[in-house]
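Q: Here it is, the structure in full.
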Amino acid sequence: MDFGLSDEQKLLDESLRRFLAERVPTTRVRELIETPDAHDAKAWGELAELGVAGCLIAEEHGGAGLTLLDAAVISTALGHAAAPTPFLGSAVLAPVLIADAGSDAQRKEWLPKLAAGKLRIGVAIAEQVERRDDAGVALDAGKLRGAALFAVDGVGADAYLVAAGDSLALVAKGVVGLTVEPMPTVDRTRRLAELRFDGATPSELLVSGADARAAIARALVAARVLLAADMLGCCDRSLAMSVDYAAQRKQFDRPIAQFQAVKHMCAEMAAAIEPARALVWYAAHAASEIPAEAPLLALHAKAHMAEVAMDVVRTATQVHGGIGFTDAYDLQLWFKRVSLARQLLGTPARLRANAAALQGL
Amino acid sequence: MDLSYGPEHAAFRRDLRAFLEANREQAPALRGGEITTLKDPKIRAWQKLLIEHGYAARTIPRAYGGGGFAPDPLISTILAEEFGRARVSSGVGGQGPDMFVPTLLEHGNEDQKQQWAAPTIRGELVWCQGYSEPGAGSDLASITTSGRAEGDTLVINGQKIWTSTAQFSDMMFGLIRTEPEAQKHAGISYVVIPMNTPGIDVRPLKTMTGAAEFNEVFFTDVRVPLANVIGKRGEGWKIANTTLRHERDMLGSAGTSDSLYQSLVRQLQDERVDGARAIDDPLVRDKLMALQAKAIAMKCHAMRLLTARVKGEPPGVAGLVTKLNGCQLNHDLAGLAIDAAGEAGALYRGGRRVRDGGRWQFTYMFQLGLIIGGGTAQVQKNIIAERGLGMPREPKA
């Protein structure tokens, strides 16, 4: 029995943080978020060589074949760096869906390209969580019609995975009858898109029916746990910045870190973060090792981490005072990253309602 | 991460379940969800049975009356889960076994360990903690209760307050100023005081719950052997911090939150509002699920800390946040049960419509006391910020 990260996972964490600090510092993040798709193909290629793009892809398909807890370590590091990458769509949702719901041929065709970081797939499954506005895609006589909202990493993708009714369809970009419209959010480090289908023909169909629903459920477990892990990294960074800033900033002739009002805000952040960290690790571990508990834990991990993270980024801004409210200071990057992650693939209240129903309470 | 239940863990759980099923009639009643430390032959017999089976005092060395097993986070978790599930007392806990004994084993000499460890974990010696004084609360090191050495005897005068269970206790471990000339923190000794020593006057202190969970203890020329000092004279502050660390872990333990959560679910399923179950109210469900997530997080947190302890790794800031989170969580669990019961939530101590015998109001108030006691939430935050995050101390006025 050993609850915690292994030596290998700690090493992975360290090397990834070093890489990101060097290759994707916040100066680079700020450049990237001014581009249309916030994508650094070279950095993503290098991350692919480190096993990031293929972390959840089996070795036989060119991936690293890592566990979800390994992926959580990666996701935490990406959150810590506020790195704009297509991790959630192309390294998590798409690989899990294709591995689960694809044919052998489809796995052989798509997974190696994803693992190599050479293919970006936007994933449109938001309507499987809850339907907003007039959204909904139907597959009728081989043609897709309707709108899919909030497609993850939907801007600049080479192809799209779309849940259409009870089917999962892969659609190439630029196909006739598909319009991709960016959906700008508060967070510019991730890009969402609305996909509108007007008789577009999918290039591939994956499984449909109960198997598709099961694959989507498993992909949601992985994505929610890893969004929680990403928010954990945002929390770590925001707290560390707060503690550093409080030590440097002087008012009334002393560092503000000496004031209990400031210290207590930092202590509250730490006190909330640490148990949440253990929950995220456990949920990630369960997804690989304790499948019966995984769905409930994924709901709780994302809901709880989102509550904690929103509190942390708000409190961190408060500790910083006016400077924390400016665009020029980096803290706002994490505030906004958490602000989107909290809404993505289920708000805390939605996930808690699902958790109660799942337990038959 | 390796949480695999080896065959030995599966067997341990199976045996424990069978044991609890077969013996639950012999277990003492649970009091307000808390483990009772009161003297009662039934409690002692139950504790004896638990120790014999390795279900209590499991990691205390055999030489001192325990099971002598190596700490195993998974076993600890299984024990907490199964006792909670069965709603059966997990035996004698509290200040003696959970706080004094670990401190004694770390700092006591062999004579002291032989004398006090085994009877304490068997429930034969009930302990209270003599730390706080009327003038020494959060600023604990400013205690003034004095111990004057006379030959091989210490003569104690002064007063302690907030002393839980003193009225039922055989023994006190306390902080006494034995070196009046020394600097504030260096003048304190950690002393074991038999409560039947002449000159000790215990006066129960009734709290807002209506029960006397605390006492004032007065000392007038109380004579105890100098051999009752644990560690060296003047080292008491350092040793007390060991006990306080154990207290921070005990108050806010994940097992308490887990069993409170289970009871809360049952309460909300039984409670009817306009004919519907309280738990079907979406607002109640939302709050309940938020609390469940926290309770699970605290369980995971406990496993993480236990792993660090077994491996001898420093737990860092994570090791300082248990009490702050756990007591607040328990307080909130009780608060939801009260709110969901509407006006019935205010019923307390009597009347045929009172829910769970008034347990929830009791717990709500009692846990507020724990948020204050054992180092207030604000003192905890100072500790987290200063020791955990390396932030500077507030300059002395």
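Here's how to read the names in the structure tokens: chain A, B, ... by the order shown, residue numbers from 1 in each chain, ligand numbers from 1 in the order shown.
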Would you kindly return, as an MDAnalysis selection string, each protein, DNA or RNA residue with an atom no farther than 7 Å from any atom of segment 98-109 of chain B, considering only C-alpha atoms and excluding same-chain residues fewer than 2 positions away?

A: chainID B and resid 93:96 111:113 117 230:231 242:243 246:247 250

Q: Any idea what's packed within 12 Å of Gly360 of chain A, counting only C-alpha atoms, ignoring anything in its chain fewer than 3 positions away? Could you give it as a VMD selection string?

A: (chain A and resid 296 353 to 357) or (chain B and resid 265 269 279 to 280 285)

Q: Per residue of chain B within 9 Å of chain A, which atom pair is closest and at what distance in Å (one decimal), using only C-alpha atoms, listed by chain and increasing number, as a tab-separated table?

A:
```
residue	atom	partner	partner_atom	distance
B:Met1	CA	A:Phe3	CA	5.0
B:Asp2	CA	A:Asp2	CA	4.9
B:Leu3	CA	A:Met1	CA	5.0
B:Ser4	CA	A:Met1	CA	6.6
B:Tyr5	CA	A:Met1	CA	7.9
B:Gly6	CA	A:Met1	CA	8.9
B:Asp72	CA	A:Met1	CA	7.3
B:Pro73	CA	A:Met1	CA	6.8
B:Leu74	CA	A:Met1	CA	6.2
B:Val265	CA	A:Leu361	CA	8.1
B:Gln269	CA	A:Leu361	CA	7.9
B:Ile279	CA	A:Leu361	CA	7.3
B:Asp280	CA	A:Leu361	CA	8.1
B:Pro282	CA	A:Ala353	CA	7.7
B:Arg285	CA	A:Ala356	CA	6.8
B:Asp286	CA	A:Arg352	CA	5.9
B:Lys287	CA	A:Arg352	CA	8.6
B:Leu288	CA	A:Ala356	CA	8.5
B:Met289	CA	A:Arg352	CA	5.6
B:Ala290	CA	A:His304	CA	7.0
B:Gln292	CA	A:His300	CA	8.2
B:Ala293	CA	A:His300	CA	5.4
B:Lys294	CA	A:His304	CA	7.4
B:Ile296	CA	A:Leu279	CA	7.0
B:Ala297	CA	A:Leu279	CA	4.7
B:Met298	CA	A:Pro275	CA	5.7
B:Lys299	CA	A:Pro275	CA	8.4
B:Cys300	CA	A:Ala278	CA	5.3
B:His301	CA	A:Pro275	CA	5.0
B:Ala302	CA	A:Pro275	CA	8.5
B:Met303	CA	A:Phe3	CA	6.1
B:Arg304	CA	A:Phe3	CA	5.1
B:Leu305	CA	A:Phe3	CA	8.4
B:Leu306	CA	A:Phe3	CA	8.3
B:Thr307	CA	A:Phe3	CA	5.9
B:Ala308	CA	A:Phe3	CA	8.4
B:Val317	CA	A:Ala270	CA	7.4
B:Ala318	CA	A:Glu274	CA	5.5
B:Leu320	CA	A:Ala271	CA	8.0
B:Val321	CA	A:Ala271	CA	5.2
B:Thr322	CA	A:Ala271	CA	8.0
B:Leu324	CA	A:Ala271	CA	7.5
B:Asn325	CA	A:Ala271	CA	7.0
B:Gln378	CA	A:His264	CA	7.5
B:Gln380	CA	A:Ala267	CA	8.6
B:Lys381	CA	A:Ala267	CA	5.3
B:Asn382	CA	A:His264	CA	6.7
B:Ile383	CA	A:Ala267	CA	8.4
B:Ile384	CA	A:Ala267	CA	5.5
B:Ala385	CA	A:Ala267	CA	5.1
B:Glu386	CA	A:Lys263	CA	8.1
B:Gly388	CA	A:Ala267	CA	8.4
B:Leu389	CA	A:Val243	CA	7.4
B:Gly390	CA	A:Val243	CA	8.5
B:Met391	CA	A:Ala257	CA	6.1
B:Pro392	CA	A:Gln258	CA	5.5
B:Arg393	CA	A:Gln258	CA	5.8
B:Glu394	CA	A:Gln258	CA	4.8
B:Pro395	CA	A:Gln258	CA	7.3
```

Q: Would you output that residue set with C-alpha atoms, as an mmCIF file, in the first residue's frame?

A:
```
data_model
loop_
_atom_site.group_PDB
_atom_site.id
_atom_site.type_symbol
_atom_site.label_atom_id
_atom_site.label_comp_id
_atom_site.auth_asym_id
_atom_site.auth_seq_id
_atom_site.Cartn_x
_atom_site.Cartn_y
_atom_site.Cartn_z
ATOM 1 C CA MET B 1 0.288 4.631 -6.017
ATOM 2 C CA ASP B 2 -0.499 1.130 -5.000
ATOM 3 C CA LEU B 3 -3.794 0.598 -3.219
ATOM 4 C CA SER B 4 -4.109 -2.992 -4.229
ATOM 5 C CA TYR B 5 -5.822 -5.095 -1.665
ATOM 6 C CA GLY B 6 -3.541 -8.038 -1.364
ATOM 7 C CA ASP B 72 -0.238 0.029 7.295
ATOM 8 C CA PRO B 73 -2.348 2.805 5.775
ATOM 9 C CA LEU B 74 -4.649 0.330 4.122
ATOM 10 C CA VAL B 265 -27.388 10.293 4.441
ATOM 11 C CA GLN B 269 -33.460 9.756 3.579
ATOM 12 C CA ILE B 279 -32.756 14.129 0.237
ATOM 13 C CA ASP B 280 -34.882 14.614 -2.898
ATOM 14 C CA PRO B 282 -32.091 19.447 -5.140
ATOM 15 C CA ARG B 285 -28.603 16.967 -2.561
ATOM 16 C CA ASP B 286 -26.183 19.575 -3.873
ATOM 17 C CA LYS B 287 -24.920 20.415 -0.400
ATOM 18 C CA LEU B 288 -24.745 16.744 0.550
ATOM 19 C CA MET B 289 -22.627 15.902 -2.503
ATOM 20 C CA ALA B 290 -20.271 18.821 -1.833
ATOM 21 C CA GLN B 292 -19.267 13.901 0.408
ATOM 22 C CA ALA B 293 -16.507 15.107 -1.905
ATOM 23 C CA LYS B 294 -14.790 16.771 1.037
ATOM 24 C CA ILE B 296 -13.639 11.492 0.479
ATOM 25 C CA ALA B 297 -10.857 14.039 -0.013
ATOM 26 C CA MET B 298 -10.074 13.908 3.712
ATOM 27 C CA LYS B 299 -9.971 10.116 3.565
ATOM 28 C CA CYS B 300 -7.484 10.261 0.680
ATOM 29 C CA HIS B 301 -5.547 12.970 2.514
ATOM 30 C CA ALA B 302 -5.279 10.710 5.573
ATOM 31 C CA MET B 303 -3.967 7.839 3.438
ATOM 32 C CA ARG B 304 -1.397 10.166 1.897
ATOM 33 C CA LEU B 305 -0.183 11.338 5.317
ATOM 34 C CA LEU B 306 -0.088 7.830 6.693
ATOM 35 C CA THR B 307 1.997 6.724 3.713
ATOM 36 C CA ALA B 308 4.415 9.598 4.319
ATOM 37 C CA VAL B 317 2.261 21.622 4.429
ATOM 38 C CA ALA B 318 -0.191 18.755 3.881
ATOM 39 C CA LEU B 320 -0.676 20.717 8.973
ATOM 40 C CA VAL B 321 -4.147 21.060 7.485
ATOM 41 C CA THR B 322 -6.075 18.082 8.889
ATOM 42 C CA LEU B 324 -8.588 22.925 10.200
ATOM 43 C CA ASN B 325 -10.424 21.008 7.476
ATOM 44 C CA GLN B 378 -6.681 31.059 13.447
ATOM 45 C CA GLN B 380 -3.829 26.648 12.808
ATOM 46 C CA LYS B 381 -3.678 29.118 9.934
ATOM 47 C CA ASN B 382 -0.636 30.805 11.453
ATOM 48 C CA ILE B 383 1.034 27.401 11.747
ATOM 49 C CA ILE B 384 0.164 26.490 8.136
ATOM 50 C CA ALA B 385 1.437 29.836 6.838
ATOM 51 C CA GLU B 386 4.611 29.976 8.932
ATOM 52 C CA GLY B 388 4.077 25.083 5.961
ATOM 53 C CA LEU B 389 4.523 27.990 3.548
ATOM 54 C CA GLY B 390 7.575 29.631 5.153
ATOM 55 C CA MET B 391 5.866 32.979 5.694
ATOM 56 C CA PRO B 392 7.332 35.266 8.373
ATOM 57 C CA ARG B 393 5.979 35.611 11.902
ATOM 58 C CA GLU B 394 4.127 38.714 12.888
ATOM 59 C CA PRO B 395 6.582 41.039 14.624
#
```

Q: Work out how far atom CA of Ala10 of chain B is from atom CA of Ser288 of chain A, in Å to one decimal.

A: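 Between these atoms lies a distance of 19.8 Å.
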
Q: Pick out the closest residue to Val180 of chain A from this set: A:Ala135, A:Gln251, A:Gly122, A:Gly165. Count only C-alpha atoms.

A: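 Once distances to Val180 of chain A are computed over only C-alpha atoms, the minimum belongs to A:Gly122.
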
Q: Considering only C-alpha atoms, can you say which of A:Gly62, A:Gly321, A:Gly177, A:Gly54 comes closest to Ser242 of chain A?

A: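 With only C-alpha atoms as the atom set, the closest residue is A:Gly321.
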
Q: Mind giving me the straight-line distance from atom CA of Gly233 of chain A to atom CA of Met310 of chain A in Å, one decimal?

A: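 Computed distance, atom CA of Gly233 of chain A to atom CA of Met310 of chain A, equals 12.6 Å.
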
Q: Do a neighbour search on Met231 of chain A at 6 Å with only C-alpha atoms, toss out local chain neighbours closer than 3 positions, and write the hits as a short mmCIF file (atom, residue, chain, number, x, y, z; two decimals) with C-alpha atoms, in the first residue's frame.

A:
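Listed below is the output, around-v7.cif:
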```
data_model
loop_
_atom_site.label_atom_id
_atom_site.label_comp_id
_atom_site.auth_asym_id
_atom_site.auth_seq_id
_atom_site.Cartn_x
_atom_site.Cartn_y
_atom_site.Cartn_z
CA ALA A 228 -9.21 18.61 -12.14
CA CYS A 234 -3.26 26.32 -11.54
CA VAL A 338 -9.71 27.91 -14.00
#
```

Q: Rank nothing, just name the residue among B:Gly312, B:Gly375, B:Ser132, B:Trp46 nearest to Arg245 of chain B, using only C-alpha atoms.

A: B:Gly375

Q: Using only C-alpha atoms, which of A:Asp37, A:Glu49, A:Glu59, A:Asp153 sits nearest Pro86 of chain A?

A: A:Asp153

Q: Excluding same-chain residues fewer than 3 positions from Leu20 of chain A, what lies within 12 Å of it counting only C-alpha atoms, as a short mmCIF file (atom, residue, chain, number, x, y, z; two decimals) with N, CA and C atoms, in the first residue's frame?

A:
```cif
data_model
loop_
_atom_site.label_atom_id
_atom_site.label_comp_id
_atom_site.auth_asym_id
_atom_site.auth_seq_id
_atom_site.Cartn_x
_atom_site.Cartn_y
_atom_site.Cartn_z
N ASP A 13 7.21 14.66 -13.45
CA ASP A 13 6.74 15.99 -13.05
C ASP A 13 7.86 17.02 -13.16
N GLU A 14 9.02 16.67 -12.59
CA GLU A 14 10.15 17.60 -12.59
C GLU A 14 10.62 17.92 -14.00
N SER A 15 10.78 16.87 -14.82
CA SER A 15 11.35 17.12 -16.15
C SER A 15 10.37 17.92 -17.00
N LEU A 16 9.07 17.64 -16.83
CA LEU A 16 8.08 18.36 -17.60
C LEU A 16 8.02 19.82 -17.17
N ARG A 17 8.09 20.06 -15.86
CA ARG A 17 8.06 21.44 -15.38
C ARG A 17 9.28 22.23 -15.89
N ARG A 23 10.51 26.24 -22.36
CA ARG A 23 9.95 26.35 -23.71
C ARG A 23 8.63 27.11 -23.78
N VAL A 24 7.85 27.06 -22.70
CA VAL A 24 6.57 27.77 -22.72
C VAL A 24 6.44 28.66 -21.48
N PRO A 25 7.36 29.59 -21.32
CA PRO A 25 7.21 30.54 -20.21
C PRO A 25 6.03 31.46 -20.49
N THR A 26 5.64 32.25 -19.52
CA THR A 26 4.42 33.05 -19.72
C THR A 26 4.60 34.09 -20.82
N THR A 27 5.85 34.49 -21.10
CA THR A 27 6.04 35.40 -22.24
C THR A 27 5.60 34.72 -23.53
N ARG A 28 5.91 33.42 -23.65
CA ARG A 28 5.50 32.66 -24.83
C ARG A 28 3.99 32.40 -24.80
N VAL A 29 3.44 32.12 -23.63
CA VAL A 29 1.99 31.92 -23.50
C VAL A 29 1.27 33.17 -24.02
N ALA A 43 6.51 23.18 -30.12
CA ALA A 43 6.50 22.77 -28.71
C ALA A 43 5.66 21.51 -28.52
N TRP A 44 4.52 21.42 -29.22
CA TRP A 44 3.67 20.23 -29.11
C TRP A 44 4.40 19.01 -29.65
N GLU A 46 7.62 18.58 -29.57
CA GLU A 46 8.61 18.21 -28.56
C GLU A 46 7.95 17.53 -27.36
N LEU A 47 6.76 18.04 -26.99
CA LEU A 47 6.03 17.39 -25.90
C LEU A 47 5.62 15.97 -26.31
N LEU A 50 8.32 13.71 -25.63
CA LEU A 50 8.41 13.40 -24.20
C LEU A 50 7.30 12.45 -23.75
N VAL A 52 3.99 13.12 -24.02
CA VAL A 52 2.79 13.82 -23.54
C VAL A 52 1.59 13.57 -24.46
N ILE A 74 1.07 14.95 -15.70
CA ILE A 74 1.32 15.78 -16.88
C ILE A 74 0.35 16.96 -16.91
N SER A 75 -0.92 16.67 -16.69
CA SER A 75 -1.94 17.71 -16.76
C SER A 75 -1.71 18.79 -15.70
N THR A 76 -1.28 18.37 -14.52
CA THR A 76 -1.00 19.34 -13.45
C THR A 76 0.15 20.26 -13.87
N ALA A 77 1.16 19.68 -14.50
CA ALA A 77 2.29 20.49 -14.96
C ALA A 77 1.85 21.47 -16.05
N LEU A 78 0.96 21.02 -16.95
CA LEU A 78 0.47 21.90 -18.01
C LEU A 78 -0.36 23.04 -17.42
N GLY A 79 -1.16 22.72 -16.40
CA GLY A 79 -1.94 23.76 -15.72
C GLY A 79 -1.02 24.74 -15.01
N HIS A 80 0.00 24.22 -14.38
CA HIS A 80 0.98 25.04 -13.65
C HIS A 80 1.63 26.05 -14.59
N ALA A 81 1.83 25.63 -15.85
CA ALA A 81 2.46 26.52 -16.83
C ALA A 81 1.43 27.34 -17.61
N ALA A 82 0.14 27.07 -17.42
CA ALA A 82 -0.92 27.68 -18.25
C ALA A 82 -0.59 27.47 -19.73
N ALA A 83 -0.08 26.28 -20.04
CA ALA A 83 0.41 26.02 -21.40
C ALA A 83 -0.76 25.82 -22.36
N PRO A 84 -0.78 26.59 -23.45
CA PRO A 84 -1.80 26.36 -24.48
C PRO A 84 -1.38 25.14 -25.31
N THR A 85 -2.02 24.01 -25.10
CA THR A 85 -1.72 22.80 -25.88
C THR A 85 -3.05 22.12 -26.20
#
```

Q: Let me make sure I understand: among B:Pro28, B:Gly158, B:Gly358, B:Gly174, which one has the smallest atom-to-atom distance to Phe218 of chain B if we use only C-alpha atoms?

A: B:Gly158

Q: If DSSP is run on the backbone, what residues of segment 77-220 of chain A are strand (DSSP E)? A reply as an MDAnalysis selection string would be ideal.

A: chainID A and resid 121:124 136:140 143:152 159:164 167:172 178:183 192:200 204:208

Q: Could you go through segment 228-266 of chain A and tell me which residues DSSP, when run on the backbone, assigns to alpha helix (DSSP H), listing them as a compact mmCIF listing (two decimals) with C-alpha atoms, in the first residue's frame?

A:
```txt
# COMPACT_ATOMS: atom_id res chain seq x y z
CA ALA A 228 -9.21 18.61 -12.14
CA ALA A 229 -5.48 17.87 -12.32
CA ASP A 230 -4.98 20.90 -14.56
CA MET A 231 -6.80 23.10 -12.03
CA LEU A 232 -4.60 21.63 -9.30
CA GLY A 233 -1.57 22.91 -11.19
CA CYS A 234 -3.26 26.32 -11.54
CA CYS A 235 -3.79 26.33 -7.76
CA ASP A 236 -0.17 25.44 -7.00
CA ARG A 237 1.08 28.22 -9.23
CA SER A 238 -1.37 30.82 -7.87
CA LEU A 239 -0.52 30.01 -4.25
CA ALA A 240 3.23 30.04 -4.89
CA MET A 241 2.93 33.41 -6.63
CA SER A 242 0.90 34.76 -3.70
CA VAL A 243 3.42 33.62 -1.08
CA ASP A 244 6.30 35.09 -3.11
CA TYR A 245 4.52 38.34 -3.73
CA ALA A 246 3.53 38.73 -0.06
CA ALA A 247 7.17 38.32 0.93
CA GLN A 248 8.30 41.05 -1.47
CA GLN A 260 -2.24 37.74 9.59
CA ALA A 261 -4.97 38.85 7.22
CA VAL A 262 -2.62 38.01 4.34
CA LYS A 263 -1.10 34.93 5.92
CA HIS A 264 -4.50 33.47 6.65
CA MET A 265 -5.59 33.84 3.04
CA CYS A 266 -2.51 31.86 1.99
```

Q: May I have the residues within 6 Å of segment 331-334 of chain B as a ChimeraX atom specification, using only C-alpha atoms and disregarding those fewer than 5 positions away in the same chain?

A: /B:360,364,367

Q: Excluding Leu168 of chain A and its own-chain neighbours fewer than 6 positions away, which residues fall within 10 Å of it when counting only C-alpha atoms? Please give them as a list in words.

A: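 So the residues in contact are Leu97, Ile98, Ala101, Gly102, Ala124, Ile125, Leu139, Leu161, Val162, Pro202, Glu204, Leu205, Leu206, Val207, Ser208, Gly209, Asp211, Ala212, Arg213, Ala215 and Ile216 of chain A.
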
Q: In Å to one decimal, how far is atom CA of Val152 of chain A from atom CA of Leu333 of chain A?

A: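 Result for atom CA of Leu333 of chain A versus atom CA of Val152 of chain A: 18.5 Å, one decimal.
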
Q: Please provide the set of residues having any atom within 12 Å of Pro112 of chain A, restricted to only C-alpha atoms, with same-chain residues fewer than 4 positions apart removed, written as a PDB file with C-alpha atoms, in the first residue's frame.

A:
```
ATOM      1  CA  ALA A  48       4.987  14.458 -28.085  1.00  0.00           C
ATOM      2  CA  GLY A  51       5.356  11.141 -24.339  1.00  0.00           C
ATOM      3  CA  ALA A  53       0.681  13.582 -26.707  1.00  0.00           C
ATOM      4  CA  GLY A  54       0.620   9.792 -26.550  1.00  0.00           C
ATOM      5  CA  CYS A  55       0.440   9.377 -22.785  1.00  0.00           C
ATOM      6  CA  LEU A  56      -2.890   7.522 -22.904  1.00  0.00           C
ATOM      7  CA  ILE A  57      -2.221   5.730 -26.205  1.00  0.00           C
ATOM      8  CA  ALA A  58      -1.068   2.115 -26.107  1.00  0.00           C
ATOM      9  CA  GLU A  59       2.544   1.394 -27.014  1.00  0.00           C
ATOM     10  CA  GLU A  60       1.458  -0.793 -29.935  1.00  0.00           C
ATOM     11  CA  HIS A  61      -0.017   2.363 -31.484  1.00  0.00           C
ATOM     12  CA  GLY A  62       3.039   4.476 -30.867  1.00  0.00           C
ATOM     13  CA  GLY A  63       1.967   5.890 -27.531  1.00  0.00           C
ATOM     14  CA  ALA A  64       3.591   5.808 -24.111  1.00  0.00           C
ATOM     15  CA  GLY A  65       0.886   3.595 -22.588  1.00  0.00           C
ATOM     16  CA  SER A  90      -5.946  15.353 -28.883  1.00  0.00           C
ATOM     17  CA  ALA A  91      -4.195  13.530 -26.019  1.00  0.00           C
ATOM     18  CA  PRO A  95      -7.442   8.820 -27.994  1.00  0.00           C
ATOM     19  CA  ILE A  98     -10.866   6.053 -30.704  1.00  0.00           C
ATOM     20  CA  ALA A  99      -9.276   3.332 -28.578  1.00  0.00           C
ATOM     21  CA  ALA A 105      -8.184  -0.185 -38.630  1.00  0.00           C
ATOM     22  CA  GLN A 106      -9.265   3.156 -37.194  1.00  0.00           C
ATOM     23  CA  ARG A 107      -6.992   2.728 -34.181  1.00  0.00           C
ATOM     24  CA  LYS A 108      -4.056   1.889 -36.441  1.00  0.00           C
ATOM     25  CA  ALA A 116       3.302  11.764 -32.661  1.00  0.00           C
ATOM     26  CA  GLY A 117       1.629  15.136 -32.159  1.00  0.00           C
ATOM     27  CA  LYS A 118       1.040  15.368 -35.898  1.00  0.00           C
ATOM     28  CA  LEU A 119      -2.730  15.308 -35.790  1.00  0.00           C
ATOM     29  CA  ARG A 120      -5.119  17.513 -33.875  1.00  0.00           C
TER      30      ARG A 120
END
```
